[in-house]
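Next up, upload35.tsv (TSV, C-alpha atoms):
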chain	number	residue	atom	x	y	z
J	30	SER	CA	83.67	103.80	25.55
J	31	CYS	CA	83.98	103.06	29.25
J	32	VAL	CA	83.85	106.27	31.29
J	33	SER	CA	83.54	106.94	35.00
J	34	CYS	CA	80.00	107.14	36.23
J	35	VAL	CA	79.10	110.65	37.22
J	36	LEU	CA	76.70	110.20	40.12
J	37	PHE	CA	73.93	112.51	38.96
J	38	ARG	CA	74.06	111.16	35.41
J	39	PHE	CA	73.87	107.61	36.67
J	40	LYS	CA	70.91	108.33	38.95
J	41	ASP	CA	69.01	110.21	36.24
J	42	SER	CA	69.23	107.40	33.68
J	43	ARG	CA	69.39	104.43	36.04
J	44	MET	CA	65.77	103.29	35.62
J	45	ASP	CA	65.57	103.96	31.87
J	46	ASP	CA	68.88	102.47	30.72
J	47	VAL	CA	70.72	99.21	31.24
J	48	TRP	CA	73.98	99.78	33.11
J	49	LEU	CA	76.98	97.48	33.52
J	50	VAL	CA	78.87	98.92	36.48
J	51	ASP	CA	82.21	98.00	38.01
J	52	PHE	CA	82.26	98.98	41.69
J	53	TYR	CA	85.92	99.35	42.63
J	54	ALA	CA	88.23	100.66	45.35
J	55	PRO	CA	91.39	102.69	44.56
J	56	TRP	CA	93.54	100.48	46.80
J	57	CYS	CA	92.26	97.15	45.37
J	58	GLY	CA	94.86	95.22	43.36
J	59	TYR	CA	92.24	93.07	41.60
J	60	CYS	CA	90.43	96.25	40.56
J	61	LYS	CA	93.58	97.61	38.93
J	62	LYS	CA	94.04	94.31	37.11
J	63	LEU	CA	90.46	94.54	35.81
J	64	GLU	CA	90.89	98.13	34.55
J	65	PRO	CA	92.30	97.39	31.04
J	66	ILE	CA	89.77	94.58	30.55
J	67	TRP	CA	86.97	96.93	31.55
J	68	GLN	CA	88.09	99.48	28.97
J	69	GLU	CA	87.95	96.75	26.29
J	70	VAL	CA	84.48	95.67	27.45
J	71	GLY	CA	83.18	99.22	27.12
J	72	ALA	CA	84.73	99.73	23.69
J	73	GLU	CA	83.43	96.41	22.36
J	74	LEU	CA	79.85	96.94	23.57
J	75	THR	CA	79.84	100.44	22.07
J	76	ARG	CA	81.15	99.18	18.72
J	77	SER	CA	78.53	96.44	18.56
J	78	GLY	CA	75.68	98.91	19.17
J	79	SER	CA	74.70	97.33	22.48
J	80	PRO	CA	72.15	99.24	24.58
J	81	VAL	CA	74.24	98.48	27.66
J	82	ARG	CA	75.98	101.53	29.13
J	83	VAL	CA	79.31	100.68	30.75
J	84	GLY	CA	80.75	102.57	33.69
J	85	LYS	CA	82.61	102.26	36.92
J	86	MET	CA	82.12	103.73	40.36
J	87	ASP	CA	84.45	104.21	43.31
J	88	GLY	CA	82.58	102.32	46.02
J	89	THR	CA	84.60	104.05	48.74
J	90	ALA	CA	83.71	107.54	47.48
J	91	TYR	CA	80.05	106.68	46.79
J	92	SER	CA	79.53	104.30	49.70
J	93	GLY	CA	75.80	105.06	49.87
J	94	VAL	CA	75.22	103.91	46.29
J	95	ALA	CA	77.46	100.86	46.79
J	96	SER	CA	75.55	99.94	49.92
J	97	GLU	CA	72.23	100.38	48.11
J	98	PHE	CA	73.25	97.72	45.59
J	99	GLY	CA	74.67	95.35	48.20
J	100	VAL	CA	78.35	95.77	47.31
J	101	ARG	CA	80.41	93.93	49.93
J	102	GLY	CA	83.74	93.53	48.19
J	103	TYR	CA	85.81	94.81	45.30
J	104	PRO	CA	85.70	94.55	42.41
J	105	THR	CA	81.95	93.88	42.12
J	106	ILE	CA	80.35	93.82	38.67
J	107	LYS	CA	76.60	94.39	38.47
J	108	LEU	CA	74.17	94.75	35.59
J	109	LEU	CA	71.35	97.11	36.53
J	110	LYS	CA	68.12	96.76	34.61
J	111	GLY	CA	65.14	98.69	35.95
J	112	GLU	CA	64.47	97.55	39.50
J	113	LEU	CA	66.70	94.49	39.09
J	114	ALA	CA	70.40	94.22	39.88
J	115	TYR	CA	72.29	91.15	38.66
J	116	ASN	CA	75.65	90.10	40.11
J	117	TYR	CA	78.33	88.87	37.75
J	118	LYS	CA	80.21	85.91	39.25
J	119	GLY	CA	82.06	84.55	36.24
J	120	PRO	CA	85.69	84.83	35.10
J	121	ARG	CA	86.85	88.43	34.67
J	122	THR	CA	87.68	88.16	30.98
J	123	LYS	CA	86.45	90.44	28.20
J	124	ASP	CA	84.50	87.74	26.37
J	125	ASP	CA	82.83	86.36	29.50
J	126	VAL	CA	81.77	89.78	30.77
J	127	ILE	CA	80.41	90.79	27.34
J	128	GLU	CA	78.50	87.51	27.02
J	129	PHE	CA	76.97	88.13	30.46
J	130	ALA	CA	75.97	91.69	29.54
J	131	ASN	CA	74.35	90.64	26.27
J	132	ARG	CA	72.49	87.74	27.89
J	133	VAL	CA	71.15	89.58	30.93
J	134	SER	CA	70.33	92.87	29.18
J	135	GLY	CA	67.91	91.12	26.81
J	136	PRO	CA	64.56	89.50	27.59
J	137	ALA	CA	64.56	86.82	30.28
J	138	VAL	CA	62.91	84.38	27.83
J	139	ARG	CA	63.81	84.54	24.13
J	140	SER	CA	61.40	83.21	21.50
J	141	LEU	CA	62.48	80.72	18.81
J	142	PRO	CA	60.12	81.24	15.86
J	143	SER	CA	61.37	78.44	13.59
J	144	ARG	CA	62.99	75.00	13.60
J	145	GLN	CA	66.02	76.45	11.80
J	146	MET	CA	66.50	78.97	14.61
J	147	PHE	CA	66.08	76.20	17.20
J	148	GLU	CA	68.78	74.08	15.56
J	149	HIS	CA	71.10	77.07	15.28
J	150	VAL	CA	70.73	77.91	18.98
J	151	LEU	CA	71.08	74.24	19.97
J	152	LYS	CA	74.49	74.08	18.27
J	153	ARG	CA	75.68	77.18	20.12
J	154	HIS	CA	74.74	76.11	23.66
J	155	SER	CA	75.95	73.05	25.55
J	156	VAL	CA	72.94	73.38	27.88
J	157	LEU	CA	69.64	74.76	26.53
J	158	PHE	CA	66.39	75.35	28.43
J	159	LEU	CA	63.20	75.51	26.39
J	160	TYR	CA	59.57	76.10	27.31
J	161	VAL	CA	57.20	74.46	24.82
J	162	GLY	CA	53.56	75.43	24.69
J	163	GLY	CA	51.23	78.40	25.00
J	164	GLU	CA	50.26	80.64	27.90
J	165	SER	CA	49.94	78.76	31.19
J	166	PRO	CA	50.80	78.93	34.91
J	167	LEU	CA	53.92	76.87	34.06
J	168	LYS	CA	55.06	79.55	31.63
J	169	GLU	CA	54.60	82.23	34.28
J	170	LYS	CA	56.71	80.18	36.68
J	171	TYR	CA	59.29	79.56	33.93
J	172	THR	CA	59.55	83.31	33.26
J	173	GLU	CA	60.07	84.00	36.97
J	174	VAL	CA	62.85	81.41	37.16
J	175	ALA	CA	64.43	82.82	33.98
J	176	SER	CA	64.47	86.33	35.47
J	177	GLU	CA	66.32	84.98	38.50
J	178	LEU	CA	68.77	82.58	36.84
J	179	ILE	CA	69.52	84.35	33.55
J	180	VAL	CA	72.86	85.32	35.13
J	181	TYR	CA	73.89	81.70	34.53
J	182	THR	CA	72.26	80.59	31.29
J	183	TYR	CA	69.84	81.43	28.45
J	184	PHE	CA	66.13	80.59	28.47
J	185	PHE	CA	64.04	80.08	25.32
J	186	SER	CA	60.43	79.36	24.39
J	187	ALA	CA	58.86	77.82	21.25
J	188	SER	CA	55.75	76.16	19.93
J	189	GLU	CA	55.61	72.38	19.50
J	190	ASP	CA	56.05	72.48	15.71
J	191	VAL	CA	59.51	74.05	16.13
J	192	LEU	CA	60.86	70.82	17.63
J	193	PRO	CA	62.12	68.02	15.35
J	194	GLU	CA	60.31	64.66	15.20
J	195	SER	CA	63.13	63.15	17.30
J	196	VAL	CA	61.88	65.12	20.32
J	197	PRO	CA	58.37	63.87	21.08
J	198	LEU	CA	56.72	65.41	24.15
J	199	HIS	CA	54.06	63.43	25.97
J	200	GLU	CA	52.24	66.48	27.29
J	201	LEU	CA	52.10	70.23	26.84
J	202	PRO	CA	53.12	72.65	28.15
J	203	SER	CA	56.57	71.31	29.07
J	204	VAL	CA	59.97	72.58	30.12
J	205	VAL	CA	62.84	70.72	28.48
J	206	VAL	CA	66.60	70.88	28.91
J	207	PHE	CA	68.85	69.79	26.03
J	208	LYS	CA	72.36	68.64	26.99
J	209	ASP	CA	74.82	65.79	26.60
J	210	GLY	CA	73.34	64.89	23.21
J	211	THR	CA	69.91	64.17	24.65
J	212	TYR	CA	67.08	65.93	26.50
J	213	PHE	CA	65.24	65.73	29.81
J	214	THR	CA	61.77	66.97	30.73
J	215	TYR	CA	60.82	68.70	33.97
J	216	ASP	CA	58.39	66.68	36.10
J	217	GLU	CA	56.58	68.87	38.58
J	218	TYR	CA	55.80	65.92	40.91
J	219	GLU	CA	59.25	64.29	40.97
J	220	ASP	CA	61.64	67.22	40.49
J	221	SER	CA	60.46	69.54	43.28
J	222	SER	CA	60.46	73.22	42.34
J	223	LEU	CA	61.24	74.40	38.82
J	224	SER	CA	63.92	76.74	40.15
J	225	SER	CA	65.77	73.89	41.90
J	226	TRP	CA	65.50	71.70	38.82
J	227	VAL	CA	66.89	74.41	36.50
J	228	ASN	CA	69.65	75.24	38.97
J	229	ARG	CA	70.68	71.59	39.05
J	230	GLU	CA	70.33	70.88	35.33
J	231	ARG	CA	72.24	73.97	34.12
J	232	PHE	CA	75.44	71.93	34.32
J	233	GLN	CA	76.44	69.16	31.97
J	234	SER	CA	76.23	65.68	33.48
J	235	TYR	CA	80.02	65.38	33.51
J	236	LEU	CA	82.38	68.34	33.30
J	237	PRO	CA	85.93	69.49	34.07
J	238	ILE	CA	86.01	71.22	37.44
J	239	ASP	CA	88.27	74.03	38.62
J	240	GLY	CA	88.06	76.40	41.57
J	241	PHE	CA	85.57	78.71	39.86
J	242	THR	CA	83.32	75.86	38.67
J	243	LEU	CA	83.36	74.38	42.16
J	244	TYR	CA	82.25	77.74	43.55
J	245	GLU	CA	79.37	77.83	41.04
J	246	LEU	CA	78.38	74.27	41.82
J	247	GLY	CA	78.31	75.14	45.50
J	248	GLU	CA	75.54	77.66	44.84
J	249	THR	CA	73.10	75.24	43.22
J	250	GLY	CA	71.09	74.84	46.43
J	251	ASN	CA	70.37	71.15	45.74
J	252	THR	CA	69.05	70.16	49.19
J	253	ALA	CA	66.42	67.55	48.31
J	254	LEU	CA	68.33	64.80	50.14
J	255	PRO	CA	70.81	64.79	53.05
J	256	ILE	CA	73.87	64.81	50.78
J	257	THR	CA	73.91	67.80	48.44
J	258	ASP	CA	76.20	69.45	45.93
J	259	CYS	CA	78.77	66.63	45.75
J	260	TYR	CA	81.62	66.64	43.28
J	261	PHE	CA	84.43	64.31	42.30
J	262	SER	CA	88.12	64.81	41.69
J	263	ILE	CA	89.29	61.99	39.46
J	264	MET	CA	92.00	61.26	36.93
J	265	ASN	CA	93.11	58.69	34.36
J	266	TRP	CA	91.00	55.52	33.93
J	267	LEU	CA	88.66	56.42	36.79
J	268	LYS	CA	87.16	59.13	34.56
J	269	GLY	CA	85.54	56.40	32.48
J	270	LEU	CA	83.83	54.89	35.54
J	271	ILE	CA	82.51	58.27	36.64
J	272	GLN	CA	81.20	59.00	33.16
J	273	ARG	CA	79.40	55.65	33.11
J	274	VAL	CA	77.72	56.45	36.42
J	275	ALA	CA	76.70	59.91	35.16
J	276	ALA	CA	75.17	58.44	31.99
J	277	GLU	CA	73.84	55.03	33.03
J	278	HIS	CA	72.72	55.80	36.60
J	279	ARG	CA	71.42	59.33	36.15
J	280	ASP	CA	68.01	58.56	37.66
J	281	GLN	CA	69.63	57.18	40.81
J	282	PHE	CA	72.22	59.87	41.51
J	283	ASN	CA	71.44	62.98	39.45
J	284	ARG	CA	69.47	64.74	42.19
J	285	ASP	CA	72.32	64.47	44.67
J	286	PHE	CA	75.60	64.45	42.79
J	287	GLN	CA	77.38	66.50	40.15
J	288	PHE	CA	80.04	64.49	38.32
J	289	GLY	CA	83.32	65.73	36.95
J	290	HIS	CA	87.10	65.61	37.13
J	291	MET	CA	89.82	67.92	38.38
J	292	ASP	CA	93.34	67.80	36.98
J	293	GLY	CA	95.95	67.67	39.73
J	294	ASN	CA	95.37	67.69	43.48
J	295	ASP	CA	96.66	71.10	44.64
J	296	TYR	CA	93.23	72.72	44.89
J	297	ILE	CA	91.65	69.69	46.59
J	298	ASN	CA	94.54	69.45	49.05
J	299	SER	CA	94.01	73.05	50.14
J	300	LEU	CA	90.25	72.51	50.34
J	301	ILE	CA	90.38	69.49	52.64
J	302	MET	CA	93.64	70.54	54.39
J	303	GLY	CA	95.17	67.19	53.60
J	304	GLU	CA	96.93	65.18	50.92
J	305	VAL	CA	94.99	63.37	48.20
J	306	SER	CA	96.85	60.87	46.04
J	307	VAL	CA	96.47	60.93	42.25
J	308	PRO	CA	94.40	59.34	40.81
J	309	SER	CA	91.70	59.15	43.45
J	310	ILE	CA	88.03	59.81	44.13
J	311	ILE	CA	86.71	62.32	46.63
J	312	ILE	CA	83.15	63.51	47.29
J	313	LEU	CA	82.83	67.10	48.53
J	314	ASN	CA	79.70	68.35	50.24
J	315	THR	CA	79.96	72.11	49.78
J	316	SER	CA	76.94	72.82	51.97
J	317	ASN	CA	78.88	71.91	55.13
J	318	GLU	CA	82.46	71.41	53.80
J	319	GLN	CA	82.45	67.69	54.58
J	320	TYR	CA	84.18	65.20	52.30
J	321	PHE	CA	84.12	61.44	51.77
J	322	VAL	CA	86.75	59.05	50.45
J	323	PRO	CA	86.45	55.33	49.71
J	324	ALA	CA	87.69	53.03	52.48
J	325	GLU	CA	89.48	50.93	49.84
J	326	PRO	CA	90.78	51.69	46.34
J	327	VAL	CA	87.95	51.54	43.77
J	328	GLU	CA	88.63	48.82	41.20
J	329	ASP	CA	85.31	48.41	39.37
J	330	LEU	CA	81.92	49.99	38.74
J	331	GLN	CA	80.15	48.00	41.44
J	332	GLN	CA	82.53	49.25	44.12
J	333	LEU	CA	82.01	52.81	42.92
J	334	LEU	CA	78.22	52.49	43.06
J	335	GLN	CA	78.44	51.05	46.57
J	336	PHE	CA	80.57	54.00	47.65
J	337	PHE	CA	78.05	56.53	46.28
J	338	SER	CA	75.18	54.69	47.93
J	339	SER	CA	76.99	54.61	51.28
J	340	VAL	CA	77.36	58.40	51.13
J	341	LEU	CA	73.64	58.78	50.43
J	342	ASP	CA	72.50	56.43	53.21
J	343	GLY	CA	74.90	57.96	55.74
J	344	SER	CA	77.00	54.85	56.37
J	345	ALA	CA	80.18	56.33	54.84
J	346	PRO	CA	82.36	58.19	57.40
J	347	ALA	CA	82.44	61.96	56.85
J	348	TYR	CA	85.57	64.06	57.33
J	349	GLY	CA	86.07	67.80	57.70
J	350	GLY	CA	83.02	70.00	58.25
J	351	ASP	CA	82.39	73.60	59.23
J	352	GLY	CA	82.51	73.31	63.04
J	353	ILE	CA	84.47	75.73	65.23
J	354	LEU	CA	87.48	73.41	65.52
J	355	GLN	CA	87.62	73.00	61.73
J	356	ARG	CA	87.46	76.77	61.29
J	357	ILE	CA	90.37	77.26	63.68
J	358	LYS	CA	92.25	74.55	61.80
J	359	ARG	CA	91.46	76.33	58.51
J	360	VAL	CA	92.90	79.63	59.78
J	361	ALA	CA	96.07	77.88	60.98
J	362	TYR	CA	96.37	75.91	57.72
J	363	ASP	CA	95.94	79.00	55.55
J	364	ALA	CA	98.52	80.92	57.59
J	365	ARG	CA	101.00	78.05	57.39
J	366	SER	CA	100.40	77.64	53.63
J	367	THR	CA	100.97	81.35	53.04
J	368	VAL	CA	104.23	81.35	54.99
J	369	MET	CA	105.48	78.20	53.26
J	370	SER	CA	104.61	79.48	49.78
J	371	VAL	CA	106.46	82.74	50.41
J	372	PHE	CA	109.58	80.94	51.66
J	373	ARG	CA	109.43	78.48	48.74
J	374	SER	CA	109.18	81.17	46.10
J	375	SER	CA	111.62	83.64	47.69
J	376	PRO	CA	113.50	82.69	50.88
J	377	LEU	CA	115.09	86.13	51.22
J	378	LEU	CA	111.73	87.86	50.90
J	379	GLY	CA	110.28	85.45	53.45
J	380	CYS	CA	113.05	86.22	55.93
J	381	PHE	CA	112.48	89.93	55.42
J	382	LEU	CA	108.66	89.80	55.67
J	383	PHE	CA	108.51	87.56	58.75
J	384	GLY	CA	111.92	88.20	60.32
J	385	LEU	CA	111.59	91.99	60.41
J	386	PRO	CA	108.26	92.02	62.35
J	387	LEU	CA	109.62	89.43	64.79
J	388	GLY	CA	112.72	91.55	65.30
J	389	VAL	CA	110.65	94.67	65.93
J	390	ILE	CA	108.39	92.81	68.38
J	391	SER	CA	111.46	91.45	70.22
J	392	LEU	CA	112.93	94.95	70.53
J	393	MET	CA	109.61	96.28	71.81
J	394	CYS	CA	109.42	93.54	74.45
J	395	TYR	CA	113.01	94.19	75.50
J	396	GLY	CA	112.31	97.92	75.73
J	397	ILE	CA	109.23	97.33	77.87
J	398	CYS	CA	111.12	95.04	80.25
J	399	MET	CA	114.00	97.50	80.59
J	400	ALA	CA	111.56	100.34	81.17
J	401	GLU	CA	109.95	98.41	84.05
J	402	SER	CA	113.37	97.73	85.58
J	403	ASP	CA	114.33	101.42	85.37
J	404	ASP	CA	110.99	102.38	86.94
J	405	ASP	CA	111.67	100.10	89.95
J	406	THR	CA	115.13	101.65	90.46
J	407	GLU	CA	113.71	105.17	90.16
J	408	LEU	CA	111.02	104.34	92.73
J	409	MET	CA	113.62	103.13	95.22
J	410	LYS	CA	115.67	106.27	94.71
J	411	ARG	CA	112.56	108.36	95.22
J	412	ASP	CA	112.03	106.58	98.59
J	413	GLY	CA	115.59	107.48	99.62
J	414	PHE	CA	117.22	104.07	99.13
J	415	THR	CA	120.07	102.77	97.04
J	416	ASP	CA	121.15	99.16	96.86
J	417	GLU	CA	123.98	99.79	99.37
J	418	GLU	CA	121.73	101.70	101.73
J	419	GLU	CA	119.21	98.91	101.60
J	420	GLU	CA	121.89	96.34	102.52
J	421	GLU	CA	123.10	98.55	105.42
J	422	GLY	CA	119.54	98.86	106.63
J	423	GLU	CA	119.16	95.09	106.65
J	424	GLU	CA	122.41	94.67	108.66
J	425	GLU	CA	121.26	97.26	111.25
J	426	GLU	CA	117.96	95.41	111.57
J	427	GLN	CA	119.78	92.14	112.21
J	428	GLN	CA	122.05	93.76	114.86
J	429	PHE	CA	119.04	95.37	116.56
J	430	SER	CA	117.25	92.02	116.70
J	431	LYS	CA	120.34	90.40	118.18
J	432	LEU	CA	120.62	93.12	120.84
J	433	GLN	CA	116.98	92.60	121.77
J	434	ARG	CA	117.57	88.88	122.32
J	435	ILE	CA	120.62	89.56	124.55
J	436	THR	CA	118.59	92.04	126.64
J	437	VAL	CA	115.77	89.58	127.12
J	438	ASN	CA	118.14	86.81	128.13
J	439	GLY	CA	119.84	89.15	130.62
J	440	CYS	CA	116.50	89.95	132.23
J	441	LYS	CA	115.74	86.28	132.62
J	442	SER	CA	119.09	85.70	134.34
J	443	LEU	CA	118.35	88.38	136.88
Can the structure from this file be put into structure tokens for me?
Amino acid sequence: SCVSCVLFRFKDSRMDDVWLVDFYAPWCGYCKKLEPIWQEVGAELTRSGSPVRVGKMDGTAYSGVASEFGVRGYPTIKLLKGELAYNYKGPRTKDDVIEFANRVSGPAVRSLPSRQMFEHVLKRHSVLFLYVGGESPLKEKYTEVASELIVYTYFFSASEDVLPESVPLHELPSVVVFKDGTYFTYDEYEDSSLSSWVNRERFQSYLPIDGFTLYELGETGNTALPITDCYFSIMNWLKGLIQRVAAEHRDQFNRDFQFGHMDGNDYINSLIMGEVSVPSIIILNTSNEQYFVPAEPVEDLQQLLQFFSSVLDGSAPAYGGDGILQRIKRVAYDARSTVMSVFRSSPLLGCFLFGLPLGVISLMCYGICMAESDDDTELMKRDGFTDEEEEEGEEEEQQFSKLQRITVNGCKSL
């Protein structure tokens, strides 16, 4: 079952065992929410006979260990295998965490010895990477990429006779990805590095997008052309147009765009700090937080293709960005959104949360002002003056001045 990591036990077995560790902080609300799920993960992996040892570590108590593994926030889930440490970035559900542990704890590249096994695995995975051939420099490169990107997907290898006749390969060795009911082959001369190609192809050509998926898509590192990592929020009949572009114009746009749809506009509105009508099309460039919208409503496929092309050639106007003014605007927008959401959900709570601090600040300001006024009065008293004495002093000064003028005039007369 899941037990707390005792530091010496963890260090002693760290290099020999595979550890799935939850780095947490006692004050972290998300960590407390993860706790029951983590217990289930530990129990399930133990029941299944998994070699993965599950534990958790207070990152605030063992800050040196947390720092060693690059923990910058809580909760952080890492799978530690020998010298390697893999970050888990998926949904914090029991099934997703267990699937991650089983995938990453095994070999980076799994062998498929038969056609039956290949067909079985193909049915289980919506996206499947396969190296076909014997030992070669390409296989070494493929293994390196698999070791890096196994956190996202599985990698397999097989001999040519494992593939069905419907998958003819023009040359060996080859790296193939199976998805969307078809397959695509890596071309070393056209597809840049193998790592970039795998990172781009690990998504289906068209997929539903939510906040988590958008975060994952933003990490693909697709920087071959000026516009990278672009995604589309689209609803109703426009989905069909986007799907046609993804399928029929793959060669033209696949290297620069990821296609999909997002239900509703709340997430997009918060992302661009504006209002997007539904249905609509928006292109997001997550590398610099810019976005693009069509100048006119899209009514047919040709208009849509022209819009995509204008983004690629730079003629489409870009909005947003990650400049200093946009960052200031983001801070103000987030603060305003937080205040509005609190008042919408609970007006009384909003009044209490924001009214009480304002009241305290007002009292503090009033107290400071009154203290300064009292200090001035005390200083005057210390100098031997009261308000009345000060007025009398001013009158005596005026009389003395008047007497001086009379004296001077008298002297002149004489």
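Picture a line from CA of Gly58 (chain J) to CA of Ala90 (chain J); it runs 17.1 Å.
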Length of the CA of Ser339 (chain J) to CA of Tyr320 (chain J) vector [Å]: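 CA of Ser339 (chain J) sits 12.8 Å away from CA of Tyr320 (chain J).
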So that I can see what lies close to Ala72 (chain J), please list as number ranges by chain the residues with an atom at most 12 Å from it, counting all atoms listed in the file and leaving out residues fewer than 4 positions away in the same chain. J: 30-32, 65-68, 76-79, 81-84, 123, 127
Phe232 (chain J) surroundings by all atoms listed in the file, 9 Å radius, close-in-sequence under 5 positions cut, as an MDAnalysis selection string: chainID J and resid 155:156 208 246 287
What does the distance between CA of Leu178 (chain J) and CA of Gly93 (chain J) come to in Å, to one decimal place? 26.9 Å
List every protein, DNA or RNA residue with an atom no more than 9 Å from (71.8, 70.2, 34.4) in the file's coordinates, counting all atoms listed in the file, and format the result as a PyMOL selection string. chain J and resi 156+206-208+226-234+283+287
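Closest to Ala95 (chain J) among J:Glu64, J:Ser165, J:Val138, J:Val50 is J:Val50, based on all atoms listed in the file.
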Taking (89.1, 60.3, 48.0) in the coordinates of the supplied file, I want to know which residues reach to within 6 Å of it, counting only C-alpha atoms; could you give the answer as a ChimeraX atom specification? /J:309-311,322-323
Which is closest to His278 (chain J) among J:Ala364, J:Leu167, J:Glu194, J:Phe337, if we use all atoms listed in the file?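 Among the listed residues, the smallest separation from His278 (chain J) belongs to J:Phe337.
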Ranking J:Leu341, J:Phe336, J:Arg359, J:Tyr53 by minimum distance to Asp87 (chain J) and counting only C-alpha atoms, which one comes first? J:Tyr53
Residue nearest Arg132 (chain J) - candidates J:Met369, J:Leu108, J:Ser188, J:Asp280, atoms counted: only C-alpha atoms: J:Leu108
Option closest in space to Pro202 (chain J), from J:Tyr171, J:Met393, J:Val161, J:Leu113 [counting all atoms listed in the file]: J:Val161
Using only C-alpha atoms: which of J:Asp363, J:Glu164, J:Asp209, J:Glu277 has the shortest distance to Leu236 (chain J): J:Asp209
Please return region 98-103 of chain J, rebuilt to all heavy atoms, as a JSON list (two decimals), in the coordinates of the input.
[["chain", "number", "residue", "atom", "x", "y", "z"],
["J", 98, "PHE", "N", 73.24, 98.86, 46.49],
["J", 98, "PHE", "CA", 73.25, 97.72, 45.59],
["J", 98, "PHE", "C", 73.92, 96.49, 46.20],
["J", 98, "PHE", "O", 74.21, 95.52, 45.51],
["J", 98, "PHE", "CB", 73.95, 98.09, 44.28],
["J", 98, "PHE", "CG", 73.18, 99.09, 43.46],
["J", 98, "PHE", "CD1", 73.66, 100.36, 43.26],
["J", 98, "PHE", "CD2", 71.96, 98.74, 42.91],
["J", 98, "PHE", "CE1", 72.94, 101.29, 42.52],
["J", 98, "PHE", "CE2", 71.23, 99.65, 42.16],
["J", 98, "PHE", "CZ", 71.73, 100.93, 41.97],
["J", 99, "GLY", "N", 74.15, 96.53, 47.50],
["J", 99, "GLY", "CA", 74.67, 95.35, 48.20],
["J", 99, "GLY", "C", 76.11, 95.01, 47.87],
["J", 99, "GLY", "O", 76.48, 93.83, 47.88],
["J", 100, "VAL", "N", 76.93, 96.01, 47.61],
["J", 100, "VAL", "CA", 78.35, 95.77, 47.31],
["J", 100, "VAL", "C", 79.08, 95.49, 48.61],
["J", 100, "VAL", "O", 79.10, 96.34, 49.51],
["J", 100, "VAL", "CB", 78.97, 96.97, 46.57],
["J", 100, "VAL", "CG1", 80.47, 96.75, 46.37],
["J", 100, "VAL", "CG2", 78.27, 97.19, 45.24],
["J", 101, "ARG", "N", 79.70, 94.31, 48.70],
["J", 101, "ARG", "CA", 80.41, 93.93, 49.93],
["J", 101, "ARG", "C", 81.89, 93.69, 49.71],
["J", 101, "ARG", "O", 82.62, 93.41, 50.66],
["J", 101, "ARG", "CB", 79.78, 92.67, 50.53],
["J", 101, "ARG", "CG", 78.35, 92.89, 51.00],
["J", 101, "ARG", "CD", 77.77, 91.63, 51.64],
["J", 101, "ARG", "NE", 76.43, 91.85, 52.14],
["J", 101, "ARG", "CZ", 75.34, 91.77, 51.41],
["J", 101, "ARG", "NH1", 75.43, 91.45, 50.12],
["J", 101, "ARG", "NH2", 74.15, 91.99, 51.93],
["J", 102, "GLY", "N", 82.33, 93.74, 48.48],
["J", 102, "GLY", "CA", 83.74, 93.53, 48.19],
["J", 102, "GLY", "C", 84.08, 94.13, 46.84],
["J", 102, "GLY", "O", 83.19, 94.54, 46.09],
["J", 103, "TYR", "N", 85.37, 94.18, 46.55],
["J", 103, "TYR", "CA", 85.81, 94.81, 45.30],
["J", 103, "TYR", "C", 86.78, 93.88, 44.56],
["J", 103, "TYR", "O", 87.56, 93.18, 45.20],
["J", 103, "TYR", "CB", 86.50, 96.14, 45.61],
["J", 103, "TYR", "CG", 85.63, 97.11, 46.35],
["J", 103, "TYR", "CD1", 85.82, 97.33, 47.72],
["J", 103, "TYR", "CD2", 84.60, 97.79, 45.70],
["J", 103, "TYR", "CE1", 85.00, 98.21, 48.41],
["J", 103, "TYR", "CE2", 83.79, 98.67, 46.39],
["J", 103, "TYR", "CZ", 83.99, 98.88, 47.74],
["J", 103, "TYR", "OH", 83.18, 99.75, 48.42]]
